[in-house]
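Q: My structure is stored as input-v2.tsv, with TSV, C-alpha atoms.
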```tsv
chain	number	residue	atom	x	y	z
X	1	MET	CA	101.63	77.41	66.43
X	2	ILE	CA	103.82	77.95	69.51
X	3	MET	CA	105.62	74.80	70.67
X	4	PRO	CA	104.80	74.22	74.35
X	5	LEU	CA	107.65	74.83	76.76
X	6	LEU	CA	108.29	72.18	79.41
X	7	GLU	CA	110.23	73.21	82.50
X	8	VAL	CA	111.28	70.52	85.00
X	9	ILE	CA	112.38	71.04	88.59
X	10	ALA	CA	115.88	69.70	89.26
X	11	LEU	CA	117.70	69.34	92.56
X	12	ASP	CA	121.09	68.42	91.15
X	13	ALA	CA	123.05	67.65	87.99
X	14	ALA	CA	121.65	64.11	87.71
X	15	ASP	CA	118.10	65.46	87.73
X	16	ALA	CA	119.05	68.01	85.09
X	17	ARG	CA	120.57	65.34	82.82
X	18	ASN	CA	117.49	63.16	83.20
X	19	ALA	CA	115.22	66.10	82.43
X	20	CYS	CA	117.26	66.83	79.31
X	21	ASP	CA	117.22	63.17	78.23
X	22	GLY	CA	113.43	63.11	78.60
X	23	GLY	CA	112.90	66.15	76.40
X	24	ALA	CA	112.55	69.05	78.83
X	25	ASP	CA	113.14	72.51	77.41
X	26	ARG	CA	114.28	74.17	80.61
X	27	VAL	CA	115.25	73.36	84.20
X	28	GLU	CA	114.27	75.14	87.38
X	29	LEU	CA	117.10	74.50	89.84
X	30	VAL	CA	116.23	74.54	93.55
X	31	SER	CA	117.18	72.98	96.86
X	32	ASP	CA	115.04	71.77	99.79
X	33	MET	CA	111.64	70.92	98.37
X	34	ALA	CA	110.43	70.39	101.94
X	35	ALA	CA	110.47	74.20	102.02
X	36	ALA	CA	108.90	74.39	98.52
X	37	GLY	CA	112.23	75.22	96.89
X	38	LEU	CA	115.09	77.38	98.14
X	39	SER	CA	118.26	78.70	96.50
X	40	PRO	CA	120.74	75.98	95.52
X	41	ALA	CA	124.43	76.14	96.36
X	42	PRO	CA	126.70	77.85	93.82
X	43	ALA	CA	128.55	74.56	93.35
X	44	THR	CA	125.28	72.89	92.32
X	45	VAL	CA	124.64	75.63	89.77
X	46	ALA	CA	128.11	75.13	88.31
X	47	ALA	CA	127.63	71.35	88.17
X	48	VAL	CA	124.28	71.64	86.42
X	49	ARG	CA	125.57	74.17	83.90
X	50	ALA	CA	128.43	71.78	83.13
X	51	ALA	CA	126.06	68.81	82.81
X	52	VAL	CA	123.43	70.17	80.40
X	53	ASP	CA	123.02	72.74	77.66
X	54	LEU	CA	119.43	73.50	78.64
X	55	PRO	CA	118.47	76.93	79.99
X	56	VAL	CA	118.58	76.79	83.79
X	57	ARG	CA	116.43	79.05	85.97
X	58	VAL	CA	117.93	79.30	89.46
X	59	MET	CA	115.77	79.91	92.53
X	60	LEU	CA	116.47	82.99	94.64
X	61	ARG	CA	114.65	82.27	97.91
X	62	SER	CA	115.99	81.91	101.44
X	63	ARG	CA	112.84	81.17	103.46
X	64	ALA	CA	109.96	78.71	103.38
X	65	ASP	CA	107.46	81.59	103.34
X	66	PHE	CA	107.26	84.32	100.70
X	67	ALA	CA	108.89	87.12	102.67
X	68	ALA	CA	112.15	88.40	101.21
X	69	GLY	CA	114.09	88.25	104.48
X	70	ASP	CA	117.60	89.69	104.46
X	71	LEU	CA	117.88	91.60	101.18
X	72	ASP	CA	121.62	92.14	101.46
X	73	ALA	CA	122.08	88.40	101.84
X	74	LEU	CA	119.77	87.74	98.87
X	75	ARG	CA	121.74	90.14	96.70
X	76	ARG	CA	124.96	88.39	97.71
X	77	THR	CA	123.38	85.04	96.88
X	78	ALA	CA	122.32	86.36	93.48
X	79	GLN	CA	125.85	87.54	92.77
X	80	GLU	CA	127.35	84.22	93.89
X	81	LEU	CA	124.93	82.25	91.73
X	82	ARG	CA	125.68	84.47	88.75
X	83	SER	CA	129.39	83.90	89.29
X	84	ALA	CA	128.71	80.14	89.31
X	85	GLY	CA	127.04	80.37	85.90
X	86	GLY	CA	123.45	81.29	86.73
X	87	ASP	CA	122.03	83.53	84.04
X	88	GLN	CA	118.28	83.04	84.55
X	89	PHE	CA	116.41	83.20	87.85
X	90	VAL	CA	113.19	82.60	89.77
X	91	LEU	CA	112.01	84.89	92.58
X	92	GLY	CA	109.02	86.65	94.08
X	93	PHE	CA	108.25	88.20	97.46
X	94	LEU	CA	105.12	89.21	99.35
X	95	ASP	CA	104.83	91.69	102.22
X	96	ARG	CA	102.99	91.00	105.47
X	97	ASN	CA	99.70	92.10	103.86
X	98	GLY	CA	100.01	89.55	101.07
X	99	ASP	CA	100.84	92.14	98.43
X	100	VAL	CA	103.85	92.03	96.11
X	101	ASP	CA	106.86	93.40	97.98
X	102	LEU	CA	107.96	95.56	95.06
X	103	PRO	CA	110.90	97.23	96.83
X	104	ALA	CA	112.33	93.78	97.65
X	105	VAL	CA	111.68	92.45	94.16
X	106	ARG	CA	113.30	95.48	92.53
X	107	THR	CA	116.30	95.29	94.86
X	108	VAL	CA	117.00	91.68	93.93
X	109	VAL	CA	116.24	92.17	90.23
X	110	ASP	CA	118.76	95.02	90.16
X	111	ALA	CA	121.42	92.49	91.17
X	112	LEU	CA	120.60	90.27	88.16
X	113	ASP	CA	122.07	92.68	85.61
X	114	GLY	CA	119.23	92.20	83.15
X	115	ALA	CA	118.97	88.40	83.40
X	116	PRO	CA	115.52	86.98	82.54
X	117	TRP	CA	113.47	85.75	85.48
X	118	THR	CA	110.21	84.11	86.54
X	119	PHE	CA	107.91	85.41	89.27
X	120	HIS	CA	107.12	82.21	91.13
X	121	ARG	CA	104.07	80.87	92.96
X	122	ALA	CA	104.02	83.69	95.47
X	123	ILE	CA	101.15	84.91	93.26
X	124	ASP	CA	99.07	81.95	94.44
X	125	HIS	CA	99.47	83.08	98.05
X	126	ALA	CA	98.72	86.76	97.48
X	127	GLY	CA	95.56	88.42	98.72
X	128	ASP	CA	94.68	90.02	95.39
X	129	ARG	CA	95.84	88.33	92.16
X	130	ALA	CA	94.76	91.21	89.96
X	131	ALA	CA	96.91	93.54	92.04
X	132	VAL	CA	99.87	91.19	91.63
X	133	TRP	CA	99.54	91.20	87.85
X	134	ALA	CA	99.31	94.99	87.87
X	135	ALA	CA	102.36	95.31	90.12
X	136	LEU	CA	104.43	93.02	87.89
X	137	ALA	CA	103.73	94.97	84.71
X	138	GLY	CA	106.90	96.35	83.21
X	139	LEU	CA	109.41	94.87	85.65
X	140	PRO	CA	112.73	94.49	83.82
X	141	GLY	CA	113.65	90.95	82.79
X	142	LEU	CA	110.36	89.37	83.87
X	143	ASP	CA	109.14	87.03	81.13
X	144	THR	CA	107.15	84.28	82.89
X	145	VAL	CA	104.85	83.94	85.90
X	146	LEU	CA	104.58	80.50	87.51
X	147	THR	CA	101.13	79.77	88.91
X	148	ALA	CA	98.74	76.99	89.84
X	149	GLY	CA	95.88	79.41	90.42
X	150	ALA	CA	95.56	78.50	94.12
X	151	PRO	CA	97.82	77.69	97.09
X	152	ALA	CA	96.77	74.03	97.07
X	153	GLY	CA	97.66	73.57	93.41
X	154	LEU	CA	96.08	73.16	90.01
X	155	SER	CA	93.30	70.82	91.08
X	156	GLU	CA	91.90	73.75	93.06
X	157	GLY	CA	93.10	76.62	90.88
X	158	LEU	CA	92.52	75.38	87.33
X	159	ALA	CA	89.55	77.65	86.67
X	160	THR	CA	91.55	80.68	87.79
X	161	VAL	CA	94.45	79.81	85.50
X	162	LEU	CA	92.09	79.22	82.56
X	163	GLY	CA	90.62	82.66	83.15
X	164	GLU	CA	94.06	84.26	82.96
X	165	ALA	CA	95.36	82.31	79.98
X	166	SER	CA	94.47	84.92	77.39
X	167	ALA	CA	95.70	87.94	79.33
X	168	SER	CA	98.53	90.06	77.97
X	169	GLY	CA	101.80	90.39	79.84
X	170	PRO	CA	104.42	87.86	80.93
X	171	ARG	CA	104.00	84.30	79.67
X	172	LEU	CA	101.89	82.10	81.92
X	173	LEU	CA	103.93	79.13	83.20
X	174	VAL	CA	101.49	76.64	84.70
X	175	GLY	CA	102.57	74.20	87.38
X	176	GLY	CA	101.95	73.07	90.92
X	177	GLY	CA	100.37	69.62	90.98
X	178	LEU	CA	100.18	69.35	87.18
X	179	ARG	CA	98.35	66.16	86.17
X	180	ASP	CA	97.31	64.54	82.89
X	181	GLU	CA	93.71	65.73	83.17
X	182	HIS	CA	94.81	69.38	83.37
X	183	ILE	CA	96.68	69.42	80.07
X	184	ALA	CA	93.84	69.36	77.54
X	185	PRO	CA	91.88	72.29	79.05
X	186	LEU	CA	95.07	74.30	79.54
X	187	ARG	CA	96.18	73.73	75.96
X	188	ALA	CA	92.69	74.56	74.69
X	189	ALA	CA	92.81	77.85	76.60
X	190	GLY	CA	96.10	78.76	74.94
X	191	VAL	CA	98.59	77.97	77.71
X	192	THR	CA	102.00	77.32	76.14
X	193	ALA	CA	104.34	76.81	79.11
X	194	PHE	CA	104.21	74.01	81.67
X	195	HIS	CA	106.17	73.29	84.87
X	196	SER	CA	106.53	69.93	86.59
X	197	GLY	CA	108.39	68.46	89.53
X	198	ALA	CA	106.71	65.61	91.39
X	199	ALA	CA	104.93	64.28	88.30
X	200	VAL	CA	108.23	63.40	86.63
X	201	ARG	CA	109.45	61.35	89.61
X	202	ARG	CA	108.34	57.80	90.39
X	203	ASP	CA	105.42	57.76	92.82
X	204	ARG	CA	105.50	61.59	92.79
X	205	ASP	CA	108.15	61.22	95.51
X	206	TRP	CA	110.81	63.94	95.84
X	207	ASP	CA	113.23	61.35	97.20
X	208	ASN	CA	113.27	59.78	93.72
X	209	PRO	CA	115.27	61.36	90.90
X	210	VAL	CA	113.72	62.82	87.79
X	211	ASP	CA	112.70	59.92	85.53
X	212	PRO	CA	113.49	60.54	81.83
X	213	ALA	CA	110.62	58.26	80.77
X	214	LEU	CA	108.12	60.31	82.76
X	215	VAL	CA	109.51	63.53	81.33
X	216	HIS	CA	109.18	62.08	77.83
X	217	ARG	CA	105.61	61.01	78.56
X	218	LEU	CA	104.71	64.53	79.70
X	219	ARG	CA	106.54	66.05	76.77
X	220	SER	CA	104.54	63.86	74.38
X	221	SER	CA	101.24	64.74	76.05
X	222	LEU	CA	101.91	68.42	75.50
X	223	THR	CA	102.45	68.01	71.78
X	224	ASP	CA	99.77	65.44	70.89
```
Could the structure of this file be written out as structure tokens, please?
A:
Amino acid sequence: MIMPLLEVIALDAADARNACDGGADRVELVSDMAAAGLSPAPATVAAVRAAVDLPVRVMLRSRADFAAGDLDALRRTAQELRSAGGDQFVLGFLDRNGDVDLPAVRTVVDALDGAPWTFHRAIDHAGDRAAVWAALAGLPGLDTVLTAGAPAGLSEGLATVLGEASASGPRLLVGGGLRDEHIAPLRAAGVTAFHSGAAVRRDRDWDNPVDPALVHRLRSSLTD
């Protein structure tokens, strides 16, 4: 039986320590959750890597939408974050038609020097999910796809995620409004990786730090 993976969103080293104390397996490090998560500063990456031994996936995203923007700047950001200790990443870009922007994705992935990475919730905003999955097949380093099944989150997209749970390819990492009532059907469908941010903060408020007790509670619910 595969032990479920729990990834927790962190904004800083304190969040990362609290996630670790609560039993998280991995951290997704971002900045600016008002923009749904942008790249953190290199200094934050260095501080988090010094604070915890957990794997840390670092966001590579410069805009609140899912367009890549300035690719040269993104490549420089990737190199700076790698120099600060980043060795796992999160990224994903769509073109103006809502399709995967493969040239942009490949350009940025080339700058990662083989580091593992997650394709993030851009898939939930694409026009054709099946086309996204097909486009992602075989991309170097890609090992997880983060999805809630719908732009509004898991409460709307649960059925979609359940329908994809048994598909071959990168590991499904489910998150985006994860709640207690989602866990049993997801586990029953074979989902083995979970992602949480607001649910492990008091009142689901991003102004509050990660709460180790809430992380532990979620961790326990995944293994019951």
Q: Given the choices X:Ala19, X:Thr77, X:Val27, X:Gly176, which gets closest to Ser39 (chain X) if the distance is worked out from only C-alpha atoms?
A: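 So, comparing all the options, the nearest one is X:Thr77.
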Q: Between X:Ile183, X:Leu139, X:Ala115, X:Leu91, which is the closest to Phe66 (chain X) once you count only C-alpha atoms?
A: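 Closest candidate: X:Leu91.
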Q: Name all residues at most 6 Å from region 145-149 of chain X (count all atoms listed in the file; drop same-chain ones fewer than 2 positions away) and give them as a ChimeraX atom specification.
A: /X:118-121,124,153-154,157,160-161,172-176
Q: Go ahead and save the residues from that selection, with C-alpha atoms, as an mmCIF file, in the coordinates of the input.
A:
```
data_model
loop_
_atom_site.group_PDB
_atom_site.id
_atom_site.type_symbol
_atom_site.label_atom_id
_atom_site.label_comp_id
_atom_site.auth_asym_id
_atom_site.auth_seq_id
_atom_site.Cartn_x
_atom_site.Cartn_y
_atom_site.Cartn_z
ATOM 1 C CA THR X 118 110.210 84.110 86.540
ATOM 2 C CA PHE X 119 107.910 85.410 89.270
ATOM 3 C CA HIS X 120 107.120 82.210 91.130
ATOM 4 C CA ARG X 121 104.070 80.870 92.960
ATOM 5 C CA ASP X 124 99.070 81.950 94.440
ATOM 6 C CA GLY X 153 97.660 73.570 93.410
ATOM 7 C CA LEU X 154 96.080 73.160 90.010
ATOM 8 C CA GLY X 157 93.100 76.620 90.880
ATOM 9 C CA THR X 160 91.550 80.680 87.790
ATOM 10 C CA VAL X 161 94.450 79.810 85.500
ATOM 11 C CA LEU X 172 101.890 82.100 81.920
ATOM 12 C CA LEU X 173 103.930 79.130 83.200
ATOM 13 C CA VAL X 174 101.490 76.640 84.700
ATOM 14 C CA GLY X 175 102.570 74.200 87.380
ATOM 15 C CA GLY X 176 101.950 73.070 90.920
#
```
Q: Residues near region 191-194 of chain X, anyone? I mean within 7 Å using all atoms listed in the file, not counting same-chain ones fewer than 2 positions away, as a list in words.
A: Ile2, Pro4, Leu5, Leu6, Glu7, Ala165, Leu172, Leu173, Val174, Gly175, Leu186, Arg187, Ala189 and Ser196 of chain X
Q: Counting all atoms listed in the file, what is within 7 Å of Leu29 (chain X), bar same-chain residues fewer than 6 positions away, as a list in words?
A: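 In the requested format, the answer is Ile9, Ala10, Leu11, Pro40, Val56, Arg57, Val58 and Met59 of chain X.
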Q: Leaving out Arg96 (chain X) and any residue of its chain fewer than 2 positions from it, which residues lie within 12 Å of it when counting all atoms listed in the file, given as a PyMOL selection string?
A: chain X and resi 65-69+93-94+98-101+125-127
Q: Missing atoms in region 9-21 of chain X need filling: write out N, CA and C atoms for it as a compact mmCIF listing (two decimals), in the coordinates of the input.
A:
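out.txt, written as the output of this step:
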```txt
# COMPACT_ATOMS: atom_id res chain seq x y z
N ILE X 9 111.63 70.73 87.38
CA ILE X 9 112.38 71.04 88.59
C ILE X 9 113.51 70.03 88.76
N ALA X 10 114.72 70.55 88.98
CA ALA X 10 115.88 69.70 89.26
C ALA X 10 116.49 70.10 90.60
N LEU X 11 117.00 69.10 91.30
CA LEU X 11 117.70 69.34 92.56
C LEU X 11 119.21 69.23 92.42
N ASP X 12 119.66 68.63 91.33
CA ASP X 12 121.09 68.42 91.15
C ASP X 12 121.38 68.14 89.68
N ALA X 13 122.65 67.87 89.38
CA ALA X 13 123.05 67.65 87.99
C ALA X 13 122.43 66.39 87.41
N ALA X 14 122.26 65.34 88.21
CA ALA X 14 121.65 64.11 87.71
C ALA X 14 120.21 64.36 87.29
N ASP X 15 119.46 65.09 88.11
CA ASP X 15 118.10 65.46 87.73
C ASP X 15 118.08 66.23 86.42
N ALA X 16 119.00 67.18 86.29
CA ALA X 16 119.05 68.01 85.09
C ALA X 16 119.34 67.16 83.85
N ARG X 17 120.27 66.22 83.96
CA ARG X 17 120.57 65.34 82.82
C ARG X 17 119.36 64.50 82.46
N ASN X 18 118.66 63.98 83.47
CA ASN X 18 117.49 63.16 83.20
C ASN X 18 116.37 63.99 82.57
N ALA X 19 116.22 65.22 83.03
CA ALA X 19 115.22 66.10 82.43
C ALA X 19 115.55 66.36 80.96
N CYS X 20 116.81 66.60 80.68
CA CYS X 20 117.26 66.83 79.31
C CYS X 20 117.03 65.59 78.46
N ASP X 21 117.39 64.42 78.97
CA ASP X 21 117.22 63.17 78.23
C ASP X 21 115.74 62.90 77.91
```
